[in-house]
Amino acid sequence: MIRKDPKRMKLLGIIKFLSNFFVSFCTVLFVFYVVINIYMINYSKPYTYKDITSLPSKYTVIIPGAKVYKNTVSHVVRDRIEAGAACIKNEKAQKVLISGDHGRKEYDEVNQMRIYMQKIYGIDGDIIFLDHAGFSTYETMCRAKEIFCVEDAIVVTQKFHTARAVYIARKLGLDVVAYEAPEITGFSKRIHLSWTIRESLARVKSFFLILFRVKPTFLGEKIPITESSKASWDILE
């Protein structure tokens with residue numbers, strides 16, 4: 001008869017308990033992750049438009065920032081700017097709010113986007129407002145409401161990003177719809193997949209940012225979207 005070692009049996013029991021707990025914990029997290037993504041996507045669908053002719057008019061068009069370079073903008077930004085310019089030219093909006101990362105002197109999304117929008121699409125600088133502290137979609141929407149006094153807007157962005165942008169904005173009390181920016185140059189399947197994965201995680205983060213009403217990095221003095229845009233500029237040409 002083989003005698004069982006009590007210490008060994010106890011250790012095996014602990015390991016089995018921890019393993020089961022870990023599997024259960026991961027399962028709960030995965031289910032939570034899936035549910036949040038499904039909820040956010042479904043929530044935003046009634047407010048998302050692909051056809052500009054059916055897009056409702058709002059006072060402001062918000063263009064979220066993305067990667068820019070020294071003398072030009074990325075394809076992602078270019079598509080958003082073109083969609084924003086189309087909203088202005090089709091009289092779907094009266095003002096433009098460009099929001100992006102200008103947290104350090106050597107990197108400036110908002111002015112690069114403004115210059116591109118003016119030079120390539122001929123949009124009047126008097127209607128372009130700049131938010132230099134739009135470090136994330138959440139901060140862009142918080143500051144649109146708190147600093148620029150935006151009440152209603154169209155957010156122009158890629159399909160993968162519309163659900164999160166709409167969800168955040170509307171949960172913050174903004175009357176926002178999204179216009180999916182058409183791809184001027186099609187992106188590869190690999191890029192689309194990476195966007196989808198990253199965005200699915202960002203939705204979960206945004207859910208908690210809204211839940212706990214996290215304050216943006218910077219606030220400051222109000223620059224109402226109904227007044228002069230030049231108060232938001234830091235580079236004059």
# chains A, B, ... in the order shown; residues from 1 in each chain; ligands from 1

$ select_by_dssp --residues "stretch 15-224 of chain A" --states "alpha helix (DSSP H)" --output "PyMOL selection string"
chain A and resi 15-44+75-89+109-121+137-146+159-171+189-211

$ closest_atom_pairs --of "stretch 57-124 of chain A" --to "stretch 140-148 of chain A" --cutoff "12 Å" --atoms "only C-alpha atoms" --output "JSON lines"
{"residue": "A:Thr60", "atom": "CA", "partner": "A:Ala144", "partner_atom": "CA", "distance": 9.9}
{"residue": "A:Val61", "atom": "CA", "partner": "A:Ala144", "partner_atom": "CA", "distance": 10.7}
{"residue": "A:Ile62", "atom": "CA", "partner": "A:Ala144", "partner_atom": "CA", "distance": 8.4}
{"residue": "A:Ile63", "atom": "CA", "partner": "A:Thr140", "partner_atom": "CA", "distance": 9.4}
{"residue": "A:Pro64", "atom": "CA", "partner": "A:Thr140", "partner_atom": "CA", "distance": 7.2}
{"residue": "A:Gly65", "atom": "CA", "partner": "A:Thr140", "partner_atom": "CA", "distance": 9.0}
{"residue": "A:Ala66", "atom": "CA", "partner": "A:Thr140", "partner_atom": "CA", "distance": 12.0}
{"residue": "A:Lys95", "atom": "CA", "partner": "A:Phe148", "partner_atom": "CA", "distance": 11.2}
{"residue": "A:Val96", "atom": "CA", "partner": "A:Phe148", "partner_atom": "CA", "distance": 11.0}
{"residue": "A:Leu97", "atom": "CA", "partner": "A:Ala144", "partner_atom": "CA", "distance": 8.0}
{"residue": "A:Ile98", "atom": "CA", "partner": "A:Thr140", "partner_atom": "CA", "distance": 9.1}
{"residue": "A:Ser99", "atom": "CA", "partner": "A:Thr140", "partner_atom": "CA", "distance": 6.0}
{"residue": "A:Gly100", "atom": "CA", "partner": "A:Thr140", "partner_atom": "CA", "distance": 7.5}
{"residue": "A:Asp101", "atom": "CA", "partner": "A:Thr140", "partner_atom": "CA", "distance": 9.8}
{"residue": "A:Val110", "atom": "CA", "partner": "A:Thr140", "partner_atom": "CA", "distance": 12.0}

$ residues_around --residues "A:Ile41" --least-positions-apart "2" --cutoff "12 Å" --atoms "only C-alpha atoms" --output "PyMOL selection string"
chain A and resi 34-39+43-48+159-168+199-200+203-204

$ write_last_selection --atoms "N, CA and C atoms" --output "compact mmCIF listing (two decimals), in the first residue's frame"
# COMPACT_ATOMS: atom_id res chain seq x y z
N VAL A 34 -15.89 41.09 -24.21
CA VAL A 34 -16.78 40.88 -25.36
C VAL A 34 -18.08 41.67 -25.20
N VAL A 35 -18.66 41.61 -24.02
CA VAL A 35 -19.94 42.29 -23.76
C VAL A 35 -19.79 43.80 -23.94
N ILE A 36 -18.72 44.38 -23.40
CA ILE A 36 -18.50 45.83 -23.54
C ILE A 36 -18.37 46.21 -25.00
N ASN A 37 -17.63 45.43 -25.78
CA ASN A 37 -17.45 45.75 -27.20
C ASN A 37 -18.76 45.66 -27.96
N ILE A 38 -19.53 44.62 -27.71
CA ILE A 38 -20.82 44.47 -28.39
C ILE A 38 -21.76 45.61 -28.01
N TYR A 39 -21.79 45.93 -26.73
CA TYR A 39 -22.65 47.01 -26.24
C TYR A 39 -22.29 48.35 -26.89
N TYR A 43 -24.60 50.42 -29.44
CA TYR A 43 -25.04 51.73 -28.95
C TYR A 43 -24.80 52.81 -30.01
N SER A 44 -23.69 52.72 -30.71
CA SER A 44 -23.30 53.79 -31.64
C SER A 44 -23.94 53.68 -33.02
N LYS A 45 -24.44 52.51 -33.37
CA LYS A 45 -24.93 52.29 -34.74
C LYS A 45 -25.97 53.30 -35.21
N PRO A 46 -26.96 53.66 -34.39
CA PRO A 46 -27.97 54.62 -34.87
C PRO A 46 -27.41 56.02 -35.14
N TYR A 47 -26.21 56.29 -34.64
CA TYR A 47 -25.62 57.62 -34.77
C TYR A 47 -24.45 57.64 -35.76
N THR A 48 -24.27 56.59 -36.53
CA THR A 48 -23.13 56.48 -37.44
C THR A 48 -23.61 56.49 -38.89
N LYS A 159 -13.89 53.88 -39.65
CA LYS A 159 -14.95 52.98 -39.19
C LYS A 159 -14.62 52.32 -37.86
N PHE A 160 -13.35 51.88 -37.69
CA PHE A 160 -12.98 51.16 -36.48
C PHE A 160 -13.12 52.03 -35.22
N HIS A 161 -13.09 53.34 -35.39
CA HIS A 161 -13.03 54.28 -34.27
C HIS A 161 -14.37 54.92 -33.94
N THR A 162 -15.35 54.80 -34.84
CA THR A 162 -16.60 55.54 -34.67
C THR A 162 -17.37 55.15 -33.40
N ALA A 163 -17.41 53.85 -33.09
CA ALA A 163 -18.21 53.39 -31.94
C ALA A 163 -17.72 54.04 -30.65
N ARG A 164 -16.42 54.02 -30.45
CA ARG A 164 -15.86 54.58 -29.20
C ARG A 164 -16.07 56.09 -29.15
N ALA A 165 -15.84 56.77 -30.27
CA ALA A 165 -15.98 58.23 -30.30
C ALA A 165 -17.41 58.65 -29.99
N VAL A 166 -18.37 57.97 -30.60
CA VAL A 166 -19.78 58.30 -30.37
C VAL A 166 -20.18 57.98 -28.93
N TYR A 167 -19.79 56.82 -28.46
CA TYR A 167 -20.15 56.40 -27.10
C TYR A 167 -19.64 57.41 -26.07
N ILE A 168 -18.37 57.76 -26.16
CA ILE A 168 -17.79 58.70 -25.20
C ILE A 168 -18.51 60.03 -25.25
N GLU A 199 -8.39 48.70 -30.93
CA GLU A 199 -9.61 49.44 -30.63
C GLU A 199 -10.51 48.67 -29.67
N SER A 200 -10.55 47.36 -29.80
CA SER A 200 -11.39 46.55 -28.90
C SER A 200 -10.93 46.71 -27.46
N ARG A 203 -11.87 50.32 -26.19
CA ARG A 203 -13.28 50.47 -25.80
C ARG A 203 -13.49 50.11 -24.33
N VAL A 204 -12.81 49.06 -23.89
CA VAL A 204 -12.92 48.65 -22.49
C VAL A 204 -12.38 49.75 -21.59

$ closest_atom_pairs --of "stretch 76-105 of chain A" --to "stretch 177-188 of chain A" --cutoff "12 Å" --atoms "only C-alpha atoms" --output "CSV"
residue,atom,partner,partner_atom,distance
A:Val76,CA,A:Glu183,CA,8.3
A:Val77,CA,A:Ala181,CA,9.8
A:Arg78,CA,A:Ile184,CA,8.4
A:Asp79,CA,A:Ala181,CA,5.8
A:Arg80,CA,A:Ala181,CA,5.6
A:Ile81,CA,A:Ala181,CA,8.6
A:Glu82,CA,A:Ala181,CA,7.7
A:Ala83,CA,A:Ala181,CA,5.3
A:Gly84,CA,A:Ala181,CA,8.3
A:Ala85,CA,A:Ala181,CA,10.7
A:Ala86,CA,A:Ala181,CA,9.8
A:Cys87,CA,A:Tyr179,CA,8.9
A:Lys92,CA,A:Tyr179,CA,10.7
A:Ala93,CA,A:Val177,CA,11.8

$ residues_around --residues "A:Phe208" --least-positions-apart "6" --cutoff "12 Å" --atoms "only C-alpha atoms" --output "list of chain:residue names"
A:Tyr33, A:Ile36, A:Tyr138, A:Ile168, A:Lys171, A:Leu201, A:Ala202, A:Val214

$ closest_residue --among "A:Leu11, A:Leu193, A:Thr157, A:Ala133" --to "A:Leu219" --atoms "only C-alpha atoms"
A:Ala133

$ closest_residue --among "A:Ile127, A:Val23, A:His132, A:Lys222" --to "A:Lys105" --atoms "only C-alpha atoms"
A:His132

$ select_by_dssp --residues "stretch 13-228 of chain A" --states "strand (DSSP E or B)" --output "ChimeraX atom specification"
/A:48-49,60-64,68,73,95-99,101,104,107,128-131,133,152-157,175-180

$ atom_distance --atom1 "atom CA of A:Asp131" --atom2 "atom CA of A:Asp51"
27.1 Å

$ decode --residues "stretch 202-214 of chain A" --atoms "N, CA, C and O atoms" --output "PDB file, in the first residue's frame"
ATOM      1  N   ALA A 202      -9.259  49.441 -26.371  1.00  0.00           N
ATOM      2  CA  ALA A 202      -9.501  50.850 -26.043  1.00  0.00           C
ATOM      3  C   ALA A 202     -10.951  51.081 -25.629  1.00  0.00           C
ATOM      4  O   ALA A 202     -11.234  51.954 -24.795  1.00  0.00           O
ATOM      5  N   ARG A 203     -11.872  50.317 -26.187  1.00  0.00           N
ATOM      6  CA  ARG A 203     -13.284  50.466 -25.803  1.00  0.00           C
ATOM      7  C   ARG A 203     -13.487  50.106 -24.334  1.00  0.00           C
ATOM      8  O   ARG A 203     -14.253  50.757 -23.627  1.00  0.00           O
ATOM      9  N   VAL A 204     -12.812  49.057 -23.893  1.00  0.00           N
ATOM     10  CA  VAL A 204     -12.924  48.652 -22.488  1.00  0.00           C
ATOM     11  C   VAL A 204     -12.381  49.751 -21.585  1.00  0.00           C
ATOM     12  O   VAL A 204     -12.993  50.111 -20.572  1.00  0.00           O
ATOM     13  N   LYS A 205     -11.233  50.304 -21.957  1.00  0.00           N
ATOM     14  CA  LYS A 205     -10.654  51.397 -21.176  1.00  0.00           C
ATOM     15  C   LYS A 205     -11.608  52.585 -21.128  1.00  0.00           C
ATOM     16  O   LYS A 205     -11.822  53.182 -20.057  1.00  0.00           O
ATOM     17  N   SER A 206     -12.193  52.931 -22.268  1.00  0.00           N
ATOM     18  CA  SER A 206     -13.105  54.073 -22.336  1.00  0.00           C
ATOM     19  C   SER A 206     -14.351  53.851 -21.488  1.00  0.00           C
ATOM     20  O   SER A 206     -14.900  54.792 -20.912  1.00  0.00           O
ATOM     21  N   PHE A 207     -14.808  52.614 -21.422  1.00  0.00           N
ATOM     22  CA  PHE A 207     -15.969  52.282 -20.593  1.00  0.00           C
ATOM     23  C   PHE A 207     -15.717  52.705 -19.143  1.00  0.00           C
ATOM     24  O   PHE A 207     -16.592  53.294 -18.493  1.00  0.00           O
ATOM     25  N   PHE A 208     -14.526  52.425 -18.652  1.00  0.00           N
ATOM     26  CA  PHE A 208     -14.196  52.768 -17.266  1.00  0.00           C
ATOM     27  C   PHE A 208     -13.910  54.262 -17.096  1.00  0.00           C
ATOM     28  O   PHE A 208     -14.211  54.838 -16.046  1.00  0.00           O
ATOM     29  N   LEU A 209     -13.347  54.889 -18.126  1.00  0.00           N
ATOM     30  CA  LEU A 209     -13.129  56.333 -18.060  1.00  0.00           C
ATOM     31  C   LEU A 209     -14.468  57.060 -17.901  1.00  0.00           C
ATOM     32  O   LEU A 209     -14.581  58.007 -17.117  1.00  0.00           O
ATOM     33  N   ILE A 210     -15.459  56.605 -18.646  1.00  0.00           N
ATOM     34  CA  ILE A 210     -16.800  57.183 -18.539  1.00  0.00           C
ATOM     35  C   ILE A 210     -17.432  56.832 -17.205  1.00  0.00           C
ATOM     36  O   ILE A 210     -18.048  57.681 -16.534  1.00  0.00           O
ATOM     37  N   LEU A 211     -17.284  55.587 -16.792  1.00  0.00           N
ATOM     38  CA  LEU A 211     -17.891  55.125 -15.542  1.00  0.00           C
ATOM     39  C   LEU A 211     -17.427  55.952 -14.356  1.00  0.00           C
ATOM     40  O   LEU A 211     -18.224  56.330 -13.489  1.00  0.00           O
ATOM     41  N   PHE A 212     -16.129  56.276 -14.335  1.00  0.00           N
ATOM     42  CA  PHE A 212     -15.554  57.006 -13.202  1.00  0.00           C
ATOM     43  C   PHE A 212     -15.354  58.493 -13.486  1.00  0.00           C
ATOM     44  O   PHE A 212     -14.800  59.215 -12.648  1.00  0.00           O
ATOM     45  N   ARG A 213     -15.798  58.951 -14.680  1.00  0.00           N
ATOM     46  CA  ARG A 213     -15.715  60.369 -15.042  1.00  0.00           C
ATOM     47  C   ARG A 213     -14.318  60.942 -14.751  1.00  0.00           C
ATOM     48  O   ARG A 213     -14.148  61.934 -14.043  1.00  0.00           O
ATOM     49  N   VAL A 214     -13.323  60.310 -15.322  1.00  0.00           N
ATOM     50  CA  VAL A 214     -11.935  60.724 -15.128  1.00  0.00           C
ATOM     51  C   VAL A 214     -11.708  62.104 -15.738  1.00  0.00           C
ATOM     52  O   VAL A 214     -12.173  62.383 -16.852  1.00  0.00           O
TER      53      VAL A 214
END
